[in-house]
Every structure is written in structure tokens, then in C-alpha cells.
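J.: Below is the file input00.cif, which contains mmCIF, C-alpha atoms (C1' of nucleotides).
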```
data_my_file
#
loop_
_atom_site.label_atom_id
_atom_site.label_comp_id
_atom_site.auth_asym_id
_atom_site.auth_seq_id
_atom_site.Cartn_x
_atom_site.Cartn_y
_atom_site.Cartn_z
CA MET G 1 37.81 -77.14 -241.18
CA LYS G 2 37.17 -76.99 -237.46
CA ARG G 3 35.23 -74.06 -236.16
CA VAL G 4 34.93 -72.79 -232.64
CA ILE G 5 31.75 -71.19 -231.39
CA ARG G 6 30.80 -69.39 -228.24
CA THR G 7 28.17 -71.03 -226.09
CA SER G 8 25.64 -69.25 -223.94
CA PHE G 9 27.73 -69.83 -220.85
CA GLY G 10 30.84 -68.35 -222.36
CA ILE G 11 32.60 -71.66 -222.69
CA ARG G 12 34.36 -72.43 -225.91
CA ARG G 13 33.95 -75.81 -227.40
CA ASN G 14 34.55 -77.46 -230.66
CA ALA G 15 31.79 -77.20 -233.20
CA GLY G 16 32.43 -80.72 -234.39
CA ALA G 17 29.50 -82.12 -232.45
CA VAL G 18 27.30 -79.67 -234.27
CA MET G 19 24.83 -80.47 -237.02
CA ALA G 20 26.87 -79.93 -240.15
CA THR G 21 25.15 -78.62 -243.26
CA SER G 22 25.00 -81.90 -245.06
CA HIS G 23 24.66 -82.42 -248.76
CA VAL G 24 21.16 -83.65 -248.13
CA GLN G 25 20.05 -80.26 -246.91
CA SER G 26 21.52 -78.57 -249.96
CA PHE G 27 19.76 -81.11 -252.05
CA LYS G 28 16.43 -80.47 -250.42
CA ALA G 29 17.02 -76.75 -250.80
CA GLN G 30 17.54 -77.21 -254.53
CA PHE G 31 14.38 -79.22 -254.70
CA PHE G 32 12.32 -76.52 -253.03
CA ARG G 33 13.96 -73.89 -255.20
CA ALA G 34 12.65 -75.75 -258.22
CA LEU G 35 9.14 -75.29 -256.82
CA ALA G 36 9.75 -71.63 -256.06
CA HIS G 37 8.29 -70.13 -259.20
CA PRO G 38 4.68 -69.32 -260.05
CA VAL G 39 4.82 -70.86 -263.51
CA ARG G 40 6.47 -74.03 -262.29
CA ILE G 41 3.84 -74.44 -259.61
CA GLN G 42 1.13 -74.01 -262.21
CA ILE G 43 2.78 -76.61 -264.38
CA LEU G 44 2.88 -79.07 -261.51
CA GLU G 45 -0.72 -78.41 -260.59
CA ILE G 46 -1.68 -79.27 -264.15
CA LEU G 47 0.52 -82.36 -264.26
CA VAL G 48 -1.02 -83.66 -261.06
CA ARG G 49 -4.10 -84.31 -263.14
CA GLY G 50 -2.11 -86.26 -265.73
CA GLY G 51 0.65 -86.01 -268.32
CA ARG G 52 0.70 -83.15 -270.80
CA THR G 53 2.66 -82.21 -273.89
CA VAL G 54 4.59 -78.96 -273.96
CA GLN G 55 2.01 -77.72 -276.38
CA GLU G 56 -0.84 -78.45 -274.01
CA LEU G 57 0.94 -76.79 -271.13
CA GLN G 58 1.70 -73.79 -273.28
CA GLU G 59 -1.95 -73.37 -274.16
CA ALA G 60 -3.21 -74.00 -270.67
CA LEU G 61 -0.85 -71.37 -269.31
CA GLY G 62 -1.07 -68.90 -272.16
CA LEU G 63 2.70 -68.59 -272.29
CA GLU G 64 5.23 -68.63 -275.09
CA GLN G 65 6.83 -71.98 -275.83
CA PRO G 66 10.41 -71.12 -274.80
CA ILE G 67 9.22 -69.98 -271.40
CA VAL G 68 7.44 -73.25 -270.79
CA SER G 69 10.43 -75.27 -271.98
CA GLN G 70 12.78 -73.32 -269.76
CA GLN G 71 10.69 -73.94 -266.69
CA LEU G 72 10.40 -77.61 -267.59
CA VAL G 73 14.19 -77.84 -267.67
CA VAL G 74 14.31 -76.71 -264.08
CA LEU G 75 11.78 -79.33 -263.03
CA ARG G 76 13.54 -82.01 -265.04
CA ASN G 77 16.90 -81.19 -263.49
CA GLN G 78 15.44 -81.94 -260.07
CA SER G 79 13.84 -85.13 -261.38
CA ILE G 80 10.46 -83.73 -260.49
CA VAL G 81 9.07 -84.38 -263.93
CA ALA G 82 9.99 -86.84 -266.66
CA ALA G 83 9.85 -86.23 -270.39
CA GLU G 84 8.86 -88.81 -272.94
CA LYS G 85 8.91 -88.39 -276.69
CA GLU G 86 5.71 -89.08 -278.58
CA GLY G 87 6.60 -88.51 -282.19
CA LEU G 88 6.94 -84.83 -282.66
CA PHE G 89 5.62 -84.08 -279.20
CA VAL G 90 7.14 -84.44 -275.77
CA ARG G 91 4.87 -85.49 -272.98
CA TYR G 92 5.74 -84.47 -269.46
CA ALA G 93 4.57 -86.18 -266.30
CA LEU G 94 5.24 -86.12 -262.59
CA ARG G 95 7.87 -88.61 -261.51
CA ASP G 96 6.14 -89.20 -258.24
CA PRO G 97 2.51 -88.76 -257.23
CA LEU G 98 3.79 -87.61 -253.86
CA ILE G 99 4.43 -84.27 -255.53
CA GLY G 100 0.66 -83.88 -255.57
CA GLN G 101 0.55 -84.67 -251.89
CA LEU G 102 3.26 -82.11 -251.25
CA LEU G 103 1.26 -79.43 -253.01
CA ASP G 104 -1.81 -80.45 -251.02
CA VAL G 105 -0.01 -80.09 -247.72
CA ALA G 106 1.28 -76.72 -248.85
CA ARG G 107 -2.25 -75.67 -249.71
CA GLN G 108 -3.47 -76.74 -246.28
CA ILE G 109 -0.74 -74.67 -244.67
CA PHE G 110 -1.82 -71.62 -246.62
CA ASN G 111 -5.44 -72.17 -245.73
CA ASN G 112 -4.69 -72.57 -242.05
CA HIS G 113 -2.72 -69.47 -241.64
CA LEU G 114 -4.35 -66.69 -243.54
CA MET G 115 -0.91 -65.88 -244.80
CA SER G 116 -2.73 -64.09 -247.52
CA THR G 117 -5.33 -61.52 -248.33
CA ARG G 118 -9.03 -62.36 -248.36
CA GLY G 119 -8.90 -62.42 -252.14
CA MET G 120 -6.19 -65.03 -252.15
CA LEU G 121 -8.12 -67.10 -249.67
CA ARG G 122 -11.06 -67.11 -252.01
CA GLU G 123 -8.77 -68.28 -254.82
CA LEU G 124 -7.38 -71.02 -252.61
CA GLN G 125 -10.82 -72.27 -251.77
CA ARG G 126 -11.82 -72.29 -255.41
CA GLU G 127 -8.67 -74.30 -256.06
CA ALA G 128 -9.44 -76.79 -253.31
CA ARG G 129 -12.95 -77.33 -254.69
CA ARG G 130 -11.51 -78.08 -258.12
CA GLY G 131 -8.94 -80.31 -256.34
CA MET C 1 -3.59 -56.96 -271.52
CA LYS C 2 -4.85 -59.52 -273.99
CA ARG C 3 -2.36 -61.89 -275.46
CA VAL C 4 -2.64 -64.03 -278.51
CA ILE C 5 -0.95 -67.39 -278.78
CA ARG C 6 -0.43 -69.81 -281.56
CA THR C 7 -2.07 -73.22 -281.24
CA SER C 8 -0.80 -76.46 -282.64
CA PHE C 9 -3.12 -76.26 -285.63
CA GLY C 10 -1.93 -72.82 -286.58
CA ILE C 11 -5.13 -71.13 -285.52
CA ARG C 12 -4.91 -67.97 -283.50
CA ARG C 13 -7.15 -67.52 -280.58
CA ASN C 14 -7.42 -65.31 -277.60
CA ALA C 15 -5.52 -66.37 -274.54
CA GLY C 16 -8.22 -65.06 -272.23
CA ALA C 17 -9.66 -68.49 -271.49
CA VAL C 18 -6.31 -69.54 -270.21
CA MET C 19 -5.23 -70.25 -266.62
CA ALA C 20 -3.95 -66.91 -265.44
CA THR C 21 -0.97 -66.78 -263.08
CA SER C 22 -2.91 -65.96 -259.96
CA HIS C 23 -1.59 -64.31 -256.87
CA VAL C 24 -1.96 -67.60 -255.11
CA GLN C 25 0.68 -69.20 -257.25
CA SER C 26 3.09 -66.35 -256.60
CA PHE C 27 2.34 -66.73 -252.97
CA LYS C 28 3.09 -70.42 -252.98
CA ALA C 29 6.25 -69.71 -254.92
CA GLN C 30 7.38 -67.31 -252.23
CA PHE C 31 6.63 -69.90 -249.62
CA PHE C 32 8.74 -72.54 -251.32
CA ARG C 33 11.48 -70.01 -251.89
CA ALA C 34 11.63 -69.55 -248.14
CA LEU C 35 12.37 -73.26 -247.82
CA ALA C 36 14.96 -73.14 -250.57
CA HIS C 37 18.04 -72.75 -248.43
CA PRO C 38 20.09 -75.38 -246.62
CA VAL C 39 20.31 -73.46 -243.37
CA ARG C 40 16.60 -72.68 -243.33
CA ILE C 41 15.78 -76.33 -243.88
CA GLN C 42 18.05 -77.27 -241.02
CA ILE C 43 16.37 -74.72 -238.81
CA LEU C 44 12.95 -76.14 -239.64
CA GLU C 45 14.09 -79.68 -239.06
CA ILE C 46 15.21 -78.65 -235.59
CA LEU C 47 12.03 -76.70 -234.86
CA VAL C 48 9.91 -79.69 -235.83
CA ARG C 49 11.13 -81.23 -232.59
CA GLY C 50 10.10 -78.18 -230.59
CA GLY C 51 10.72 -74.47 -230.04
CA ARG C 52 14.26 -73.16 -229.77
CA THR C 53 15.93 -69.87 -228.88
CA VAL C 54 18.19 -68.18 -231.40
CA GLN C 55 21.03 -69.15 -229.15
CA GLU C 56 20.11 -72.82 -229.23
CA LEU C 57 19.73 -72.78 -233.00
CA GLN C 58 23.04 -71.04 -233.33
CA GLU C 59 24.75 -73.73 -231.30
CA ALA C 60 22.99 -76.60 -232.98
CA LEU C 61 23.99 -75.28 -236.38
CA GLY C 62 27.43 -74.02 -235.51
CA LEU C 63 26.76 -70.72 -237.23
CA GLU C 64 27.26 -67.11 -236.26
CA GLN C 65 24.28 -65.40 -234.68
CA PRO C 66 23.63 -62.83 -237.43
CA ILE C 67 23.42 -65.57 -240.03
CA VAL C 68 20.83 -67.42 -238.00
CA SER C 69 18.84 -64.23 -237.44
CA GLN C 70 18.88 -63.42 -241.13
CA GLN C 71 17.52 -66.78 -242.07
CA LEU C 72 14.89 -66.53 -239.37
CA VAL C 73 13.72 -63.26 -240.88
CA VAL C 74 13.00 -65.05 -244.14
CA LEU C 75 11.00 -67.74 -242.37
CA ARG C 76 9.15 -65.17 -240.29
CA ASN C 77 8.23 -63.13 -243.34
CA GLN C 78 6.45 -66.14 -244.76
CA SER C 79 4.77 -66.82 -241.42
CA ILE C 80 6.48 -70.18 -241.30
CA VAL C 81 7.86 -69.55 -237.83
CA ALA C 82 6.74 -67.34 -234.97
CA ALA C 83 8.99 -65.52 -232.52
CA GLU C 84 8.25 -65.02 -228.86
CA LYS C 85 10.30 -63.03 -226.39
CA GLU C 86 11.44 -64.78 -223.24
CA GLY C 87 13.31 -62.15 -221.29
CA LEU C 88 16.60 -61.69 -223.04
CA PHE C 89 15.98 -64.60 -225.37
CA VAL C 90 13.71 -65.05 -228.34
CA ARG C 91 12.15 -68.42 -228.82
CA TYR C 92 11.17 -69.53 -232.29
CA ALA C 93 8.61 -72.18 -233.17
CA LEU C 94 6.81 -73.53 -236.19
CA ARG C 95 3.50 -71.83 -236.82
CA ASP C 96 1.99 -75.03 -238.13
CA PRO C 97 2.90 -78.66 -237.46
CA LEU C 98 2.02 -79.33 -241.09
CA ILE C 99 5.44 -77.93 -241.92
CA GLY C 100 6.80 -81.11 -240.40
CA GLN C 101 4.52 -83.15 -242.60
CA LEU C 102 5.66 -81.18 -245.63
CA LEU C 103 9.28 -81.99 -244.87
CA ASP C 104 8.36 -85.63 -244.37
CA VAL C 105 6.69 -85.84 -247.75
CA ALA C 106 9.72 -84.17 -249.30
CA ARG C 107 11.96 -86.72 -247.63
CA GLN C 108 9.83 -89.56 -248.99
CA ILE C 109 10.12 -88.10 -252.47
CA PHE C 110 13.89 -88.04 -252.20
CA ASN C 111 14.01 -91.57 -250.90
CA ASN C 112 11.80 -92.86 -253.66
CA HIS C 113 13.72 -91.44 -256.50
CA LEU C 114 17.38 -91.81 -255.84
CA MET C 115 17.69 -88.23 -256.89
CA SER C 116 20.92 -88.32 -255.04
CA THR C 117 24.21 -90.05 -254.61
CA ARG C 118 24.53 -93.18 -252.49
CA GLY C 119 26.11 -91.07 -249.79
CA MET C 120 23.13 -88.77 -249.66
CA LEU C 121 20.81 -91.73 -249.49
CA ARG C 122 22.64 -92.96 -246.46
CA GLU C 123 22.28 -89.56 -244.86
CA LEU C 124 18.59 -89.53 -245.63
CA GLN C 125 18.11 -92.91 -244.01
CA ARG C 126 19.98 -91.81 -240.93
CA GLU C 127 17.70 -88.81 -240.81
CA ALA C 128 14.57 -90.92 -241.15
CA ARG C 129 15.70 -93.14 -238.28
CA ARG C 130 16.23 -90.11 -236.04
CA GLY C 131 12.88 -88.75 -237.33
"C1'" DT Q 1 15.87 -83.86 -299.33
"C1'" DA Q 2 13.21 -79.79 -298.29
"C1'" DT Q 3 9.99 -78.12 -295.27
"C1'" DA Q 4 7.18 -77.30 -291.35
"C1'" DA Q 5 5.98 -78.16 -286.69
"C1'" DA Q 6 7.33 -79.10 -281.86
"C1'" DT Q 7 10.67 -78.57 -278.60
"C1'" DA Q 8 15.12 -77.09 -276.78
"C1'" DT Q 9 18.98 -74.07 -276.14
"C1'" DA Q 10 21.66 -69.70 -276.18
"C1'" DA Q 11 22.71 -65.00 -275.24
"C1'" DC Q 12 21.82 -61.13 -273.06
"C1'" DT Q 13 20.05 -57.78 -269.49
"C1'" DA Q 14 17.63 -57.01 -265.27
"C1'" DT Q 15 16.73 -58.33 -260.77
"C1'" DA Q 16 16.88 -60.92 -256.65
"C1'" DT Q 17 19.24 -63.63 -253.33
"C1'" DA Q 18 23.46 -65.12 -250.74
"C1'" DA Q 19 27.64 -64.33 -247.96
"C1'" DT Q 20 30.32 -61.64 -245.11
"C1'" DA Q 21 31.39 -58.23 -241.87
"C1'" DA Q 22 30.41 -54.27 -239.24
"C1'" DC Q 23 27.22 -52.12 -236.53
"C1'" DT Q 24 22.82 -51.10 -233.74
"C1'" DC Q 25 19.06 -52.11 -230.55
"C1'" DA Q 26 16.94 -54.04 -226.34
"C1'" DT Q 27 16.86 -55.95 -221.89
"C1'" DA Q 28 18.49 -57.56 -217.45
"C1'" DC Q 29 21.35 -56.69 -213.81
"C1'" DC Q 30 24.89 -54.37 -211.13
"C1'" DG R 1 23.16 -44.93 -215.53
"C1'" DG R 2 26.73 -48.38 -217.16
"C1'" DT R 3 27.61 -52.71 -219.02
"C1'" DA R 4 27.25 -57.24 -220.75
"C1'" DT R 5 24.51 -60.35 -223.38
"C1'" DG R 6 21.10 -61.82 -226.84
"C1'" DA R 7 19.07 -60.53 -231.02
"C1'" DG R 8 18.44 -57.79 -235.12
"C1'" DT R 9 19.83 -54.67 -238.91
"C1'" DT R 10 22.63 -52.60 -242.55
"C1'" DA R 11 25.93 -52.30 -246.24
"C1'" DT R 12 28.60 -54.28 -249.63
"C1'" DT R 13 29.98 -57.42 -253.03
"C1'" DA R 14 29.37 -61.86 -255.31
"C1'" DT R 15 26.42 -65.02 -257.43
"C1'" DA R 16 22.28 -66.97 -259.13
"C1'" DT R 17 17.85 -66.66 -261.13
"C1'" DA R 18 14.26 -64.39 -264.14
"C1'" DG R 19 12.69 -62.39 -268.45
"C1'" DT R 20 13.19 -61.68 -273.27
"C1'" DT R 21 14.34 -62.59 -277.86
"C1'" DA R 22 16.69 -65.09 -281.23
"C1'" DT R 23 18.30 -69.34 -282.90
"C1'" DA R 24 19.10 -74.34 -283.06
"C1'" DT R 25 17.65 -79.22 -282.97
"C1'" DT R 26 14.66 -83.02 -283.98
"C1'" DT R 27 11.24 -85.52 -286.37
"C1'" DA R 28 7.42 -86.39 -289.60
"C1'" DT R 29 6.02 -85.93 -293.99
"C1'" DA R 30 5.47 -84.18 -298.74
#
```
For the structure just supplied, provide its representation as C-alpha cells.
T.:
Amino acid sequence: MKRVIRTSFGIRRNAGAVMATSHVQSFKAQFFRALAHPVRIQILEILVRGGRTVQELQEALGLEQPIVSQQLVVLRNQSIVAAEKEGLFVRYALRDPLIGQLLDVARQIFNNHLMSTRGMLRELQREARRG
Amino acid sequence: MKRVIRTSFGIRRNAGAVMATSHVQSFKAQFFRALAHPVRIQILEILVRGGRTVQELQEALGLEQPIVSQQLVVLRNQSIVAAEKEGLFVRYALRDPLIGQLLDVARQIFNNHLMSTRGMLRELQREARRG
DNA sequence: TATAAATATAACTATATAATAACTCATACC
DNA sequence: GGTATGAGTTATTATATAGTTATATTTATA
């Protein structure tokens, strides 16, 4: 599947030398998509502080059980969290503490750039203090 | 809008004390959604190495110009990149070098967890070497 | 083995995002 | 002013994700 593109100087050359959209990029995209949901972010921010059962998450978030389970599926599919049975319960935990670091860097980016209203900034700062 | 949830011990209590889905979380979700696309990730990985015109991005990616512009809109809307006119060209750059750090952490997470095929791992390692 | 509790899945509708192609806008230069 | 070039927008259809409610699965225990 060779494609030809037009360069700035009007010359035509083969696009083979070009950065192809590798599988890795799609994979990373999927990963970030798994983070791209308010509830899933909340779940991760809770799990950073330690493992939780579905029940505990459900109560902490004030959401119905199926909603929590559904969001956990998404995180599990990307190997972001791991599930472990504990009798009748299932305890979820981060697979990698680096997830916490990722969220931290994201928070720093938000803080730096005022990409938000004053109100949100206040929330962010409260969050950082809790850290 | 008070909601009532059922706890594990069958007691009903008010969900008011619960972590509400703040605007911040939605905001973060939007941010990650902006990263959740293979082309946009590629663009960012190029911009980490320095500013580029649309033209240069287009050539590096081997994609049509409107596609590149569309993806840049998404990144601009989240204030992830900034555009600057240079005569007939528009040069794009990261708004915050921390974006690079974010991608690095993400890469580490992938590497750690074999969340990918052997082939993808090889690609990741090649990427890290170029880093 | 019947039951209840905890979790997971399914089925459906609504909504958002992606992909593609055609078109418009802006600027430099003749 | 006309034109070519770089960038941006719009419109359309396809596809994926979200939200909601109902139902199924699993396990402990009476």
C-alpha cells in the first residue's frame, strides 16, 4: 500500500520513508482512551491509594454497581488494573504504580496551564494537597 | 439531586458524603481523550523534538493536510499545542514540555507490562532508543 | 440445595467521535 | 487584482462509546 504525497517544493516522492502509523501508536491511543472518562479517572485516583473492592469503589463514588463494573472492564482490558477474588468480593488494584505517576504529571500539566476555570483550579489544588 | 445507594450491609444511607464527579475529572477525561488517537500521539511524539509546521507534520506522517489540521484542532482545543503563524506557514509546538514526560511515563508503563505483542515490544524499544 | 450477596454481562438507545471528500479562507507574490 | 500555496472548515456517513435497565453468574452459607 504505497502512497505518494506532495512535498512543499512540489516534488513527488514515495511516502515509504515516512513514519507509518505503527501498532504501538494505536495501542497507546487505546490506553489513553481507557483513561478518557471521568468515572475511570476517579477510580484510578482511588486505587492509587491502595486496592479496593467493587463495593468500596461503588460507595466511594456513589454509583450503581453495574456502572462501576462496566468501567472496571475497560480498565482491565487495557491491563491498567488487575482483579483478584477474595471470597465473594473482587479486589481491584493498579497493575503498575507508574499509573499514579502518570496522573501526577497530568495534574501538573493542568496546574501549569490554567486550562480551566478558577473554580477548577481550586479543585485541583485541593486535590494536590490531599495527594 | 440526592441519591440513595445500597451498602454491603443492606443499610441505606445518603450518598451525599460520597466523592462527587467533579468538573476536574471531566476535564482530565477530555485531556486524555485528546491523546486517544494514533495520529495525535504521533504528532505529539514529533513535537516533543521541537516545533513543526503543518506541512512538516504532514510529510512526516504521510497524511493529507486536512487530516493533520483536524487532529491539530483537537490538540489545540485542549491547549496541548499552540499555533503560531510564520508567514504562509503555521508552526505548532507543545505548550508544555511535561507532555513529553507524560508520553515517557506511558511508554514505561507499556514496557513494564507486556501489554502488547512481541512485535509491539520491539517497536517500543526502537522508539526508546530514538528517544 | 436454596438463598442471598457481590460482581459481571447483555441489550438497547442516545450521543460522540472517526474517516473521507469537497470546499473555503488567508497570505505572499506577480 | 489574480493566482498559487498553506491551512482550516464543513458535510456526510460509518463506527464506537456512553448511559440505562434488566438479567446472569458466582460463591458462601443456612
J.: With the file shown as input, list the residues that the PyMOL selection byres ((chain Q and resi 5-18) around 8) selects, as number ranges by chain.
T.: G: 54-55, 66, 69, 88-90; Q: 4, 19; R: 15-19, 23-25
J.: Please produce an output containing C-alpha atoms (C1' of nucleotides) for each residue in the selection, written as a PDB file, in the frame of the given file.
T.:
```pdb
ATOM      1  CA  VAL G  54       4.590 -78.960-273.960  1.00  0.00           C
ATOM      2  CA  GLN G  55       2.010 -77.720-276.380  1.00  0.00           C
ATOM      3  CA  PRO G  66      10.410 -71.120-274.800  1.00  0.00           C
ATOM      4  CA  SER G  69      10.430 -75.270-271.980  1.00  0.00           C
ATOM      5  CA  LEU G  88       6.940 -84.830-282.660  1.00  0.00           C
ATOM      6  CA  PHE G  89       5.620 -84.080-279.200  1.00  0.00           C
ATOM      7  CA  VAL G  90       7.140 -84.440-275.770  1.00  0.00           C
TER       8      VAL G  90
ATOM      9  C1'  DA Q   4       7.180 -77.300-291.350  1.00  0.00           C
ATOM     10  C1'  DA Q  19      27.640 -64.330-247.960  1.00  0.00           C
TER      11       DA Q  19
ATOM     12  C1'  DT R  15      26.420 -65.020-257.430  1.00  0.00           C
ATOM     13  C1'  DA R  16      22.280 -66.970-259.130  1.00  0.00           C
ATOM     14  C1'  DT R  17      17.850 -66.660-261.130  1.00  0.00           C
ATOM     15  C1'  DA R  18      14.260 -64.390-264.140  1.00  0.00           C
ATOM     16  C1'  DG R  19      12.690 -62.390-268.450  1.00  0.00           C
ATOM     17  C1'  DT R  23      18.300 -69.340-282.900  1.00  0.00           C
ATOM     18  C1'  DA R  24      19.100 -74.340-283.060  1.00  0.00           C
ATOM     19  C1'  DT R  25      17.650 -79.220-282.970  1.00  0.00           C
TER      20       DT R  25
END
```
J.: Can you work out the spacing between atom CA of G:Phe32 and atom CA of C:Phe27 in Å, to one decimal?
T.: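 Interatomic distance here is 14.0 Å.
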J.: Taking only residues of chain C that have an atom at most 12 Å from an atom of chain R, what is each one's shortest atom pair and its distance in Å to one decimal, using only C-alpha atoms (C1' of nucleotides), in chain and number order, as CSV?
T.:
```
residue,atom,partner,partner_atom,distance
C:Arg33,CA,R:DT17,C1',11.7
C:Thr53,CA,R:DG6,C1',9.8
C:Val54,CA,R:DA7,C1',7.7
C:Gln55,CA,R:DG6,C1',7.7
C:Glu56,CA,R:DG6,C1',11.3
C:Gln58,CA,R:DG6,C1',11.4
C:Glu64,CA,R:DA7,C1',11.7
C:Gln65,CA,R:DA7,C1',8.0
C:Pro66,CA,R:DG8,C1',7.6
C:Ile67,CA,R:DG8,C1',10.5
C:Val68,CA,R:DA7,C1',10.0
C:Ser69,CA,R:DG8,C1',6.9
C:Gln70,CA,R:DG8,C1',8.2
C:Gln71,CA,R:DG8,C1',11.4
C:Leu72,CA,R:DG8,C1',10.3
C:Val73,CA,R:DG8,C1',9.2
C:Ala83,CA,R:DA7,C1',11.3
C:Glu84,CA,R:DA7,C1',11.9
C:Lys85,CA,R:DA7,C1',10.2
C:Glu86,CA,R:DG6,C1',10.7
C:Gly87,CA,R:DG6,C1',9.6
C:Leu88,CA,R:DG6,C1',5.9
C:Phe89,CA,R:DG6,C1',6.0
C:Val90,CA,R:DA7,C1',7.5
C:Arg91,CA,R:DA7,C1',10.7
```
J.: What does the PyMOL selection byres ((chain C and resi 39) around 8) select in this file, as a list in words?
T.: Thr21 and Gln25 of chain G; His37, Pro38, Arg40, Ile41, Gln42, Ile43 and Gln71 of chain C
J.: Env of C:Leu94: 7 Å cut, atoms = only C-alpha atoms (C1' of nucleotides), seq-sep filter 6 positions within chain, self excluded. Answer as a PDB file with C-alpha atoms, keeping the file's coordinate frame.
T.:
```
ATOM      1  CA  LEU C  47      12.030 -76.700-234.860  1.00  0.00           C
ATOM      2  CA  VAL C  48       9.910 -79.690-235.830  1.00  0.00           C
ATOM      3  CA  ILE C  80       6.480 -70.180-241.300  1.00  0.00           C
ATOM      4  CA  VAL C  81       7.860 -69.550-237.830  1.00  0.00           C
ATOM      5  CA  ALA C  82       6.740 -67.340-234.970  1.00  0.00           C
TER       6      ALA C  82
END
```
J.: State, in Å with one decimal place, the distance from atom CA of G:Leu57 to atom CA of C:Asn111.
T.: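 Calculated distance between atom CA of G:Leu57 and atom CA of C:Asn111 is 28.3 Å.
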J.: Go ahead and compute the interatomic distance for atom CA of C:Gly51 and atom CA of C:Ala93, in Å to one decimal.
T.: 4.4 Å
J.: Give me the result of the PyMOL selection byres ((chain G and resi 105) around 10) on this file, residue by residue, as a PyMOL selection string.
T.: (chain G and resi 99-104+106-111) or (chain C and resi 98-99+101-103+105)
